[in-house]
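Participant: Below you'll find the structure I mean.
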Amino acid sequence: MRERVVRLGVPRHRGVGPTGGRGHFLSALFDSAEPPREAFGFEIQDDHLNVARRSIASGSSRLSLIQADIFSIDFQTLPWS
């Protein structure tokens, strides 16, 4: 996954993992040469969310992992800094 993110070659200032799963995509974002300043990850399944919370390397306050159904999220109300 990390290789795919790096291949994009475009700085990402914000990131969204709409179906965060176990955190592979978001982890790759934060492990990239230019990690996002902030990101949100959404996952509906509790067990996947718990794995993601443990596996995100940065442990960063710049990442918010939220248990939610992506189809219930109003992206215009996300509290981006």
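Simple scheme: letters A, B, ... for chains in structure tokens order, numbers from 1 for residues in each chain, numbers from 1 for ligands in the order shown.
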Out of segment 7-44 of chain A, which residues get strand (DSSP E or B) from DSSP, as an MDAnalysis selection string?

Facilitator: chainID A and resid 14:17 38:43

Participant: So which one's closest to Phe42 of chain A, A:Leu65, A:Ile56, A:Leu29, A:Ile73? Using only C-alpha atoms, please.

Facilitator: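 That would be A:Leu65, the residue with the smallest distance to Phe42 of chain A.
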
Participant: So the first atom is atom CA of Ala68 of chain A and the second is atom CA of Arg37 of chain A; what is the distance between them in Å, to one decimal place?

Facilitator: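 Distance between the two atoms: 22.0 Å.
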
Participant: Near Gly23 of chain A, counting only C-alpha atoms, which residues have an atom at most 9 Å away, once you skip same-chain residues fewer than 5 positions from it, shown as a list of chain:residue names?

Facilitator: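 Using only C-alpha atoms, the neighbours found are A:Gly17, A:Ala28, A:Gly41, A:His48, A:Leu49, A:Val51, A:Ala52, A:Arg53, A:Arg54, A:Ser55, A:Ile56.
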
Participant: Work out how far atom CA of Gln76 of chain A is from atom CA of Asp31 of chain A, in Å to one decimal.

Facilitator: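 These two atoms are separated by 26.6 Å.
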
Participant: Could you give me, as a PDB file with N, CA and C atoms, in the first residue's frame, the residues within 9 Å of Pro18 of chain A, counting only C-alpha atoms and dropping anything in the same chain fewer than 2 positions from it?

Facilitator:
```pdb
ATOM      1  N   VAL A  16      -8.140  11.205   4.019  1.00  0.00           N
ATOM      2  CA  VAL A  16      -9.368  10.580   4.500  1.00  0.00           C
ATOM      3  C   VAL A  16      -9.310   9.103   4.131  1.00  0.00           C
ATOM      4  N   GLY A  20     -11.681   2.814   6.678  1.00  0.00           N
ATOM      5  CA  GLY A  20     -10.350   2.698   7.267  1.00  0.00           C
ATOM      6  C   GLY A  20      -9.820   1.300   7.443  1.00  0.00           C
ATOM      7  N   GLY A  21     -10.724   0.326   7.526  1.00  0.00           N
ATOM      8  CA  GLY A  21     -10.276  -1.053   7.698  1.00  0.00           C
ATOM      9  C   GLY A  21      -9.337  -1.174   8.875  1.00  0.00           C
ATOM     10  N   PHE A  40      -8.534  11.916   8.685  1.00  0.00           N
ATOM     11  CA  PHE A  40      -9.647  11.251   9.344  1.00  0.00           C
ATOM     12  C   PHE A  40      -9.768   9.856   8.764  1.00  0.00           C
ATOM     13  N   GLY A  41     -10.036   8.892   9.616  1.00  0.00           N
ATOM     14  CA  GLY A  41     -10.292   7.524   9.181  1.00  0.00           C
ATOM     15  C   GLY A  41     -11.620   7.084   9.766  1.00  0.00           C
ATOM     16  N   PHE A  42     -12.436   6.472   8.938  1.00  0.00           N
ATOM     17  CA  PHE A  42     -13.754   6.008   9.368  1.00  0.00           C
ATOM     18  C   PHE A  42     -13.846   4.500   9.165  1.00  0.00           C
ATOM     19  N   GLU A  43     -14.346   3.825  10.152  1.00  0.00           N
ATOM     20  CA  GLU A  43     -14.532   2.376  10.060  1.00  0.00           C
ATOM     21  C   GLU A  43     -15.746   2.004  10.883  1.00  0.00           C
ATOM     22  N   ASP A  69     -20.419   4.795  10.050  1.00  0.00           N
ATOM     23  CA  ASP A  69     -20.785   4.377   8.701  1.00  0.00           C
ATOM     24  C   ASP A  69     -20.467   5.545   7.781  1.00  0.00           C
ATOM     25  N   ILE A  70     -19.597   5.340   6.820  1.00  0.00           N
ATOM     26  CA  ILE A  70     -19.137   6.417   5.950  1.00  0.00           C
ATOM     27  C   ILE A  70     -20.303   7.134   5.263  1.00  0.00           C
TER      28      ILE A  70
END
```

Participant: Between atom CA of Arg22 of chain A and atom CA of Glu38 of chain A, what is the distance in Å, rounded to a tenth?

Facilitator: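 Between these atoms lies a distance of 18.2 Å.
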
Participant: Per DSSP on the backbone, what are the alpha helix (DSSP H) residues of segment 16-81 of chain A, as a list in words?

Facilitator: His24, Phe25, Leu26, Ser27, Ala28, Leu29, Phe30, Asp31, Asp46, Asp47, His48, Leu49, Asn50, Val51, Ala52, Arg53, Arg54 and Ser55 of chain A

Participant: Give me the residues within 12 Å of Arg14 of chain A as a short mmCIF file (atom, residue, chain, number, x, y, z; two decimals) with N, CA and C atoms, in the first residue's frame, counting only C-alpha atoms and dropping any in the same chain fewer than 5 places off.

Facilitator:
```cif
data_model
loop_
_atom_site.label_atom_id
_atom_site.label_comp_id
_atom_site.auth_asym_id
_atom_site.auth_seq_id
_atom_site.Cartn_x
_atom_site.Cartn_y
_atom_site.Cartn_z
N LEU A 26 -4.06 4.56 5.77
CA LEU A 26 -3.69 5.72 6.60
C LEU A 26 -2.27 5.59 7.14
N LEU A 29 -0.01 6.64 4.43
CA LEU A 29 0.01 8.10 4.28
C LEU A 29 0.97 8.74 5.28
N PHE A 30 0.88 8.30 6.54
CA PHE A 30 1.71 8.91 7.58
C PHE A 30 3.17 8.45 7.51
N GLU A 34 6.14 12.84 2.69
CA GLU A 34 5.41 14.06 3.05
C GLU A 34 4.05 13.66 3.61
N PRO A 35 4.00 13.32 4.90
CA PRO A 35 2.73 12.89 5.49
C PRO A 35 1.74 14.05 5.55
N PRO A 36 0.46 13.73 5.60
CA PRO A 36 -0.54 14.79 5.69
C PRO A 36 -0.45 15.54 7.01
N ARG A 37 -0.90 16.77 6.99
CA ARG A 37 -0.95 17.55 8.24
C ARG A 37 -2.04 17.02 9.16
N GLU A 38 -3.09 16.46 8.54
CA GLU A 38 -4.19 15.91 9.33
C GLU A 38 -4.97 14.91 8.49
N ALA A 39 -5.65 13.99 9.18
CA ALA A 39 -6.41 12.96 8.47
C ALA A 39 -7.52 12.44 9.36
N PHE A 40 -8.53 11.92 8.69
CA PHE A 40 -9.65 11.25 9.34
C PHE A 40 -9.77 9.86 8.76
N GLY A 41 -10.04 8.89 9.62
CA GLY A 41 -10.29 7.52 9.18
C GLY A 41 -11.62 7.08 9.77
N ARG A 62 -2.66 14.16 14.83
CA ARG A 62 -3.13 14.68 13.55
C ARG A 62 -4.10 13.72 12.89
N LEU A 63 -4.32 12.56 13.48
CA LEU A 63 -5.20 11.54 12.92
C LEU A 63 -6.36 11.29 13.87
N SER A 64 -7.56 11.34 13.33
CA SER A 64 -8.76 11.01 14.09
C SER A 64 -9.37 9.76 13.49
N LEU A 78 -16.60 18.19 8.89
CA LEU A 78 -15.39 17.68 9.56
C LEU A 78 -14.57 18.85 10.10
N PRO A 79 -14.07 18.72 11.31
CA PRO A 79 -13.35 19.83 11.95
C PRO A 79 -11.89 19.92 11.51
N TRP A 80 -11.66 20.18 10.21
CA TRP A 80 -10.27 20.38 9.75
C TRP A 80 -9.69 21.59 10.42
N SER A 81 -8.41 21.54 10.75
CA SER A 81 -7.79 22.70 11.39
C SER A 81 -7.34 23.69 10.33
#
```

Participant: Taking only C-alpha atoms into account, name the residue in A:His13, A:Asn50, A:Thr19, A:Gln67 that is nearest to Ser32 of chain A.

Facilitator: A:His13
